[in-house]
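Novice: Here you go, this is final_8.txt (compact mmCIF, C-alpha atoms).
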# COMPACT_ATOMS: atom_id res chain seq x y z
CA MET B 1 20.58 -25.14 10.83
CA ASN B 2 19.25 -23.90 14.16
CA GLY B 3 15.60 -23.53 15.19
CA PHE B 4 15.34 -19.87 14.23
CA SER B 5 16.78 -20.42 10.74
CA THR B 6 14.54 -23.43 10.13
CA GLY B 7 11.48 -21.47 11.28
CA PHE B 8 12.44 -18.51 9.14
CA PHE B 9 13.03 -20.72 6.09
CA ILE B 10 9.75 -22.63 6.50
CA GLY B 11 7.82 -19.40 7.08
CA PHE B 12 9.38 -17.74 4.07
CA LEU B 13 8.68 -20.76 1.84
CA THR B 14 5.07 -21.08 3.09
CA VAL B 15 4.31 -17.44 2.36
CA TRP B 16 5.66 -17.74 -1.18
CA ILE B 17 3.75 -20.97 -1.88
CA ILE B 18 0.48 -19.46 -0.59
CA PHE B 19 1.13 -16.28 -2.58
CA PHE B 20 1.81 -18.28 -5.78
CA ILE B 21 -1.25 -20.53 -5.41
CA ARG B 22 -3.48 -17.53 -4.68
CA MET B 23 -2.11 -15.65 -7.68
CA VAL B 24 -2.70 -18.56 -10.08
CA TYR B 25 -6.17 -19.24 -8.63
CA GLU B 26 -7.30 -15.61 -8.71
CA ASN B 27 -6.08 -15.08 -12.27
CA LYS B 28 -7.78 -18.25 -13.45
CA LYS B 29 -11.01 -17.44 -11.63
CA ASN B 30 -11.62 -14.08 -13.23
CA GLY B 31 -9.82 -14.56 -16.53
CA VAL B 32 -8.09 -11.22 -16.03
CA LYS B 33 -5.07 -10.25 -14.02
CA ASN B 34 -6.08 -9.05 -10.59
CA ASP B 35 -2.80 -7.37 -9.75
CA ASP B 36 -2.97 -4.70 -12.46
CA TYR B 37 -2.64 -1.06 -11.52
CA ASP B 38 -3.83 1.75 -13.73
CA GLU B 39 -1.51 4.56 -14.84
CA ARG B 40 -2.35 6.90 -11.93
CA GLN B 41 -1.82 4.11 -9.42
CA GLN B 42 1.55 3.25 -10.96
CA LEU B 43 2.59 6.88 -10.53
CA VAL B 44 1.43 6.89 -6.91
CA ARG B 45 3.31 3.63 -6.24
CA TYR B 46 6.48 5.02 -7.80
CA ARG B 47 6.27 8.02 -5.44
CA GLY B 48 5.53 5.67 -2.54
CA TYR B 49 8.64 3.58 -3.28
CA LYS B 50 10.71 6.73 -3.56
CA ASN B 51 9.47 8.02 -0.20
CA GLY B 52 10.07 4.62 1.41
CA PHE B 53 13.63 4.57 0.07
CA TYR B 54 14.39 8.06 1.40
CA VAL B 55 12.96 7.16 4.80
CA ILE B 56 15.20 4.11 5.21
CA VAL B 57 18.26 6.11 4.11
CA LEU B 58 17.38 8.92 6.55
CA PHE B 59 16.78 6.40 9.32
CA LEU B 60 20.20 4.76 8.80
CA VAL B 61 21.94 8.14 8.68
CA CYS B 62 20.18 9.21 11.90
CA ILE B 63 21.21 6.01 13.69
CA CYS B 64 24.84 6.46 12.57
CA LEU B 65 24.86 10.12 13.64
CA ILE B 66 23.23 9.51 17.03
CA GLU B 67 25.53 6.59 17.83
CA GLY B 68 28.52 8.61 16.64
CA ILE B 69 27.62 11.68 18.69
CA ALA B 70 26.63 9.71 21.80
CA ASN B 71 29.63 7.42 21.29
CA ARG B 72 27.50 4.54 22.48
CA HIS B 73 26.01 1.45 20.84
CA PHE B 74 22.31 1.34 21.69
CA ILE B 75 20.71 -0.68 18.88
CA ASP B 76 21.68 -4.02 17.29
CA THR B 77 22.21 -4.40 13.55
CA ASP B 78 19.25 -6.83 13.43
CA ALA B 79 17.02 -4.27 15.13
CA VAL B 80 18.18 -1.49 12.78
CA THR B 81 17.36 -3.68 9.77
CA ILE B 82 13.91 -4.70 11.02
CA ILE B 83 12.88 -1.24 12.22
CA GLY B 84 14.25 0.35 9.03
CA ILE B 85 12.30 -2.05 6.82
CA CYS B 86 9.13 -1.56 8.86
CA LEU B 87 9.47 2.22 8.67
CA SER B 88 10.11 2.14 4.95
CA VAL B 89 7.26 -0.27 4.22
CA GLY B 90 4.98 1.73 6.50
CA VAL B 91 5.67 4.95 4.63
CA HIS B 92 5.22 3.28 1.23
CA VAL B 93 1.96 1.54 2.14
CA THR B 94 0.52 4.58 3.94
CA TYR B 95 1.34 6.88 1.04
CA CYS B 96 -0.15 4.45 -1.48
CA ILE B 97 -3.32 3.75 0.51
CA TRP B 98 -3.88 7.44 1.19
CA ASN B 99 -3.48 8.32 -2.50
CA GLU B 100 -5.59 5.36 -3.66
CA GLY B 101 -2.75 3.53 -5.33
CA TYR B 102 -2.26 0.52 -3.10
CA PHE B 103 -5.06 -1.76 -4.22
CA PRO B 104 -5.13 -3.03 -7.81
CA VAL B 105 -8.07 -2.11 -10.02
CA LYS B 106 -9.81 -5.44 -9.44
CA ASN B 107 -9.06 -6.18 -5.83
CA ASN B 108 -11.03 -7.21 -2.80
CA ARG B 109 -10.06 -4.69 -0.12
CA LYS B 110 -11.94 -6.51 2.63
CA SER B 111 -9.69 -9.56 2.36
CA PHE B 112 -6.64 -7.27 2.70
CA ILE B 113 -8.02 -5.67 5.87
CA ILE B 114 -8.88 -9.05 7.38
CA MET B 115 -5.41 -10.42 6.60
CA ALA B 116 -3.66 -7.30 7.92
CA LEU B 117 -5.76 -7.37 11.11
CA ALA B 118 -5.05 -11.06 11.67
CA THR B 119 -1.33 -10.47 11.13
CA ALA B 120 -1.35 -7.52 13.54
CA VAL B 121 -3.08 -9.58 16.24
CA LEU B 122 -0.58 -12.41 15.73
CA TYR B 123 2.39 -10.05 16.04
CA ILE B 124 0.88 -8.37 19.12
CA PHE B 125 0.54 -11.81 20.71
CA PHE B 126 4.21 -12.64 20.01
CA SER B 127 5.26 -9.14 21.18
CA ILE B 128 3.68 -9.76 24.58
CA GLU B 129 5.77 -12.93 24.91
CA ALA B 130 8.98 -11.06 24.05
CA VAL B 131 8.18 -8.19 26.46
CA LYS B 132 7.36 -10.63 29.28
CA GLU B 133 10.70 -12.41 28.82
CA GLY B 134 12.54 -9.06 28.79
CA LYS B 135 14.41 -9.81 25.58
CA ILE B 136 13.73 -6.49 23.85
CA VAL B 137 16.33 -4.36 25.62
CA VAL B 138 19.40 -6.15 26.95
CA ASP B 139 22.07 -4.09 28.76
CA GLY B 140 20.64 -0.88 27.34
CA VAL B 141 20.82 -2.17 23.75
CA ILE B 142 17.69 -2.73 21.64
CA THR B 143 17.99 -6.26 20.25
CA GLY B 144 16.61 -7.95 17.15
CA ASN B 145 13.80 -9.37 19.31
CA CYS B 146 11.99 -6.08 18.85
CA GLY B 147 11.03 -7.34 15.38
CA ASN B 148 7.63 -8.61 16.51
CA ILE B 149 6.77 -5.29 18.15
CA ALA B 150 7.90 -3.36 15.06
CA CYS B 151 5.74 -5.59 12.82
CA ALA B 152 2.80 -5.34 15.24
CA VAL B 153 3.00 -1.55 15.15
CA LEU B 154 3.39 -1.58 11.36
CA PHE B 155 0.36 -3.80 10.67
CA THR B 156 -1.80 -2.04 13.26
CA PHE B 157 -0.90 1.31 11.72
CA ILE B 158 -1.64 0.03 8.19
CA CYS B 159 -5.05 -1.26 9.36
CA ILE B 160 -5.88 2.10 10.97
CA VAL B 161 -4.83 4.01 7.83
CA ALA B 162 -6.79 1.69 5.52
CA LEU B 163 -9.93 1.78 7.67
CA THR B 164 -9.75 5.59 7.97
CA LYS B 165 -9.31 5.94 4.21
CA PHE B 166 -12.23 3.60 3.50
CA ALA B 167 -14.43 5.55 5.92
CA ILE B 168 -13.52 8.83 4.19
CA GLU B 169 -14.21 7.33 0.75
CA LYS B 170 -17.54 5.94 1.91
CA LYS B 171 -18.54 9.34 3.25
CA GLU B 172 -17.54 10.98 -0.06
CA ASP B 173 -19.56 8.41 -2.03
CA GLU B 174 -22.66 9.14 0.04
CA MET M 1 -8.99 22.60 -12.78
CA LYS M 2 -12.14 20.50 -12.66
CA ASN M 3 -13.13 18.60 -15.79
CA LEU M 4 -16.86 19.33 -15.81
CA LYS M 5 -17.21 18.29 -19.45
CA LEU M 6 -16.23 14.75 -18.58
CA LYS M 7 -18.55 14.70 -15.60
CA SER M 8 -21.52 15.95 -17.59
CA ALA M 9 -20.81 13.56 -20.51
CA ARG M 10 -20.71 10.67 -18.05
CA ALA M 11 -23.88 11.83 -16.32
CA ALA M 12 -25.63 12.23 -19.70
CA LEU M 13 -25.12 8.52 -20.34
CA ASP M 14 -26.30 7.78 -16.79
CA LEU M 15 -22.98 6.16 -15.91
CA SER M 16 -21.49 6.16 -12.44
CA GLN M 17 -17.77 6.75 -11.92
CA GLN M 18 -17.42 3.03 -11.26
CA ASP M 19 -19.23 2.14 -14.52
CA LEU M 20 -16.92 4.35 -16.55
CA ALA M 21 -13.88 3.08 -14.66
CA SER M 22 -14.83 -0.52 -15.46
CA LYS M 23 -15.28 0.36 -19.14
CA VAL M 24 -11.79 1.84 -19.44
CA ASN M 25 -10.09 -0.58 -16.99
CA VAL M 26 -9.00 1.91 -14.37
CA SER M 27 -9.98 2.42 -10.74
CA ARG M 28 -12.96 4.56 -9.73
CA GLN M 29 -10.57 6.84 -7.88
CA THR M 30 -8.70 7.58 -11.11
CA ILE M 31 -11.90 8.75 -12.82
CA ASN M 32 -12.68 10.80 -9.73
CA ALA M 33 -9.18 12.34 -9.79
CA ILE M 34 -9.55 13.25 -13.51
CA GLU M 35 -12.94 14.86 -12.90
CA LYS M 36 -11.61 16.81 -9.93
CA GLY M 37 -8.59 17.91 -11.97
CA ASP M 38 -6.14 16.23 -9.59
CA TYR M 39 -4.69 13.98 -12.28
CA ASN M 40 -3.75 14.56 -15.91
CA PRO M 41 -4.46 11.34 -17.83
CA THR M 42 -2.21 10.09 -20.62
CA ILE M 43 -3.45 10.37 -24.19
CA LYS M 44 -4.09 6.61 -24.17
CA LEU M 45 -6.54 6.91 -21.28
CA CYS M 46 -8.10 10.06 -22.75
CA ILE M 47 -8.85 8.16 -25.97
CA ALA M 48 -10.28 5.21 -24.03
CA ILE M 49 -12.57 7.56 -22.08
CA CYS M 50 -13.66 9.33 -25.28
CA LYS M 51 -14.51 6.02 -26.91
CA ALA M 52 -16.44 4.87 -23.84
CA LEU M 53 -18.46 8.10 -23.76
CA ASP M 54 -18.75 8.38 -27.54
CA LYS M 55 -17.15 11.83 -27.59
CA THR M 56 -14.11 13.38 -29.25
CA LEU M 57 -10.94 14.47 -27.49
CA ASP M 58 -11.81 18.10 -28.20
CA GLU M 59 -15.22 17.75 -26.63
CA LEU M 60 -13.91 16.33 -23.38
CA PHE M 61 -10.36 17.52 -22.91
CA TRP M 62 -9.87 20.73 -24.85
CA GLU M 63 -10.24 23.97 -22.91
Would you kindly transcribe this structure into structure tokens?

Specialist:
Amino acid sequence: MNGFSTGFFIGFLTVWIIFFIRMVYENKKNGVKNDDYDERQQLVRYRGYKNGFYVIVLFLVCICLIEGIANRHFIDTDAVTIIGICLSVGVHVTYCIWNEGYFPVKNNRKSFIIMALATAVLYIFFSIEAVKEGKIVVDGVITGNCGNIACAVLFTFICIVALTKFAIEKKEDE
Amino acid sequence: MKNLKLKSARAALDLSQQDLASKVNVSRQTINAIEKGDYNPTIKLCIAICKALDKTLDELFWE
């Protein structure tokens, strides 16, 4: 197992352990499930998933068409996967936040914003490293190293959307 | 179409959208969407709202 695989595995495992502990703790603390969505939110999330799915399909088709027409390989498979996932997730999350279906009924939105902001800052930091080393585009081909930039853009965008939505809701409440 | 009957029934009991939402276990935005006529609730939620506001289905949801 090389360094990247080990890092990926440890990161993946850590996230799941933290997620599991948090889930058990939160549910115990309040005596009710905190990840429940009401019927309207479930409908919104279903539409969000559908939109996200169509976006990734459209993205893959576009890449295939552009590469076919240009007869040139300009993006790695890793990069296609990462950018596709980020696009799809971005569309899903944006749609759900904008239609008030992203946060469960009993959820602390502030903690989400703080976590998303922290993640965005972390990814921006790693993106700077990758840009400095010139690993993003090699011989005119976008490599899988663009993952950090894609995630940085995704999380920054999600933060902006969430903050804008909260500001609109606050204004409506007043 | 706006559901003004629901809004006035809620206001008559001096409940905020959040109060009603907590009573029927939905988000405040869902109550807001029902009142604005942006969302058609299921019969299950309609009944829960009627019980919370002590009204009948006819009084709140019939045209």

Novice: What is the distance, in Å and to one decimal place, between atom CA of B:Gly144 and atom CA of B:Thr77?

Specialist: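 Separating atom CA of B:Gly144 from atom CA of B:Thr77 is a distance of 7.5 Å.
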
Novice: Pick out the closest residue to chain B from this set: M:Ser8, M:Thr30, M:Lys2, M:Gln18. Count only C-alpha atoms.

Specialist: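 Among the listed residues, the smallest separation from chain B belongs to M:Thr30.
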
Novice: What are the closest atom pairs, with distances in Å to one decimal, for each residue of chain M lying within 8 Å of chain B, using all atoms listed in the file, rows by chain and rising residue number, as JSON lines?

Specialist:
{"residue": "M:Asn25", "atom": "CA", "partner": "B:Val105", "partner_atom": "CA", "distance": 7.4}
{"residue": "M:Val26", "atom": "CA", "partner": "B:Asp38", "partner_atom": "CA", "distance": 5.2}
{"residue": "M:Ser27", "atom": "CA", "partner": "B:Val105", "partner_atom": "CA", "distance": 5.0}
{"residue": "M:Gln29", "atom": "CA", "partner": "B:Glu100", "partner_atom": "CA", "distance": 6.7}
{"residue": "M:Thr30", "atom": "CA", "partner": "B:Arg40", "partner_atom": "CA", "distance": 6.4}
{"residue": "M:Tyr39", "atom": "CA", "partner": "B:Arg40", "partner_atom": "CA", "distance": 7.5}
{"residue": "M:Pro41", "atom": "CA", "partner": "B:Arg40", "partner_atom": "CA", "distance": 7.7}

Novice: Measuring between only C-alpha atoms, which one of M:Lys7, M:Ala48, M:Trp62, M:Thr56 shows the shortest distance to M:Ala33?

Specialist: M:Lys7

Novice: For a quick check of understanding, using all atoms listed in the file, which of B:Ala120, B:Val57, B:Ile17, B:Val141 has the smallest distance to B:Arg72?

Specialist: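 Counting all atoms listed in the file, the residue closest to B:Arg72 is B:Val141.
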
Novice: Once you count all atoms listed in the file, which residues end up no further than 12 Å from (4.8, -5.8, 19.3) in the file's frame, shown as a tab-separated table (two decimals) with C-alpha atoms, in the frame of the given file?

Specialist:
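Result file is part_20.tsv:
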chain	number	residue	atom	x	y	z
B	83	ILE	CA	12.88	-1.24	12.22
B	119	THR	CA	-1.33	-10.47	11.13
B	120	ALA	CA	-1.35	-7.52	13.54
B	121	VAL	CA	-3.08	-9.58	16.24
B	122	LEU	CA	-0.58	-12.41	15.73
B	123	TYR	CA	2.39	-10.05	16.04
B	124	ILE	CA	0.88	-8.37	19.12
B	125	PHE	CA	0.54	-11.81	20.71
B	126	PHE	CA	4.21	-12.64	20.01
B	127	SER	CA	5.26	-9.14	21.18
B	128	ILE	CA	3.68	-9.76	24.58
B	129	GLU	CA	5.77	-12.93	24.91
B	130	ALA	CA	8.98	-11.06	24.05
B	131	VAL	CA	8.18	-8.19	26.46
B	132	LYS	CA	7.36	-10.63	29.28
B	136	ILE	CA	13.73	-6.49	23.85
B	145	ASN	CA	13.80	-9.37	19.31
B	146	CYS	CA	11.99	-6.08	18.85
B	147	GLY	CA	11.03	-7.34	15.38
B	148	ASN	CA	7.63	-8.61	16.51
B	149	ILE	CA	6.77	-5.29	18.15
B	150	ALA	CA	7.90	-3.36	15.06
B	151	CYS	CA	5.74	-5.59	12.82
B	152	ALA	CA	2.80	-5.34	15.24
B	153	VAL	CA	3.00	-1.55	15.15
B	154	LEU	CA	3.39	-1.58	11.36
B	155	PHE	CA	0.36	-3.80	10.67
B	156	THR	CA	-1.80	-2.04	13.26
B	157	PHE	CA	-0.90	1.31	11.72

Novice: Between atom CA of B:Arg22 and atom CA of B:Tyr102, what distance in Å does the model show, to one decimal?

Specialist: 18.2 Å

Novice: Quick one: residues within 8 Å of M:Arg28, only C-alpha atoms counted, chain neighbours fewer than 5 positions away excluded, as a PyMOL selection string?

Specialist: chain M and resi 17-18+20-22

Novice: Between B:Trp98, B:Phe74, B:Ile85, B:Phe112, which is the closest to B:Asp139 once you count all atoms listed in the file?

Specialist: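 For B:Asp139, the nearest of the candidates is B:Phe74.
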
Novice: Can you measure atom CA of B:Met115 to atom CA of B:Ile158 for me? One decimal in Å is fine.

Specialist: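 Going from atom CA of B:Met115 over to atom CA of B:Ile158 covers 11.2 Å.
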
Novice: Using all atoms listed in the file, which protein or nucleic acid residues come within 7 Å of M:Leu53? Drop anything in the same chain fewer than 3 positions from it, and give the result as a count of residues only.

Specialist: 4

Novice: Just want the 12 Å neighbourhood of M:Met1, counted on all atoms listed in the file, with same-chain residues fewer than 3 positions away dropped. Output as a list in words.

Specialist: Leu4, Lys5, Ala33, Ile34, Glu35, Lys36, Gly37, Asp38, Tyr39, Asn40, Phe61 and Glu63 of chain M

Novice: Once you have the residues from the selection above, write them out as an mmCIF file, in the coordinates of the input, restricted to C-alpha atoms.

Specialist:
data_model
loop_
_atom_site.group_PDB
_atom_site.id
_atom_site.type_symbol
_atom_site.label_atom_id
_atom_site.label_comp_id
_atom_site.auth_asym_id
_atom_site.auth_seq_id
_atom_site.Cartn_x
_atom_site.Cartn_y
_atom_site.Cartn_z
ATOM 1 C CA LEU M 4 -16.860 19.330 -15.810
ATOM 2 C CA LYS M 5 -17.210 18.290 -19.450
ATOM 3 C CA ALA M 33 -9.180 12.340 -9.790
ATOM 4 C CA ILE M 34 -9.550 13.250 -13.510
ATOM 5 C CA GLU M 35 -12.940 14.860 -12.900
ATOM 6 C CA LYS M 36 -11.610 16.810 -9.930
ATOM 7 C CA GLY M 37 -8.590 17.910 -11.970
ATOM 8 C CA ASP M 38 -6.140 16.230 -9.590
ATOM 9 C CA TYR M 39 -4.690 13.980 -12.280
ATOM 10 C CA ASN M 40 -3.750 14.560 -15.910
ATOM 11 C CA PHE M 61 -10.360 17.520 -22.910
ATOM 12 C CA GLU M 63 -10.240 23.970 -22.910
#

Novice: Using all atoms listed in the file, which of the listed residues (B:Ile63, B:Asn108, B:Cys159, B:Ala118) sits closest to B:Val80?

Specialist: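 Ranked by minimum distance to B:Val80, first place goes to B:Ile63.
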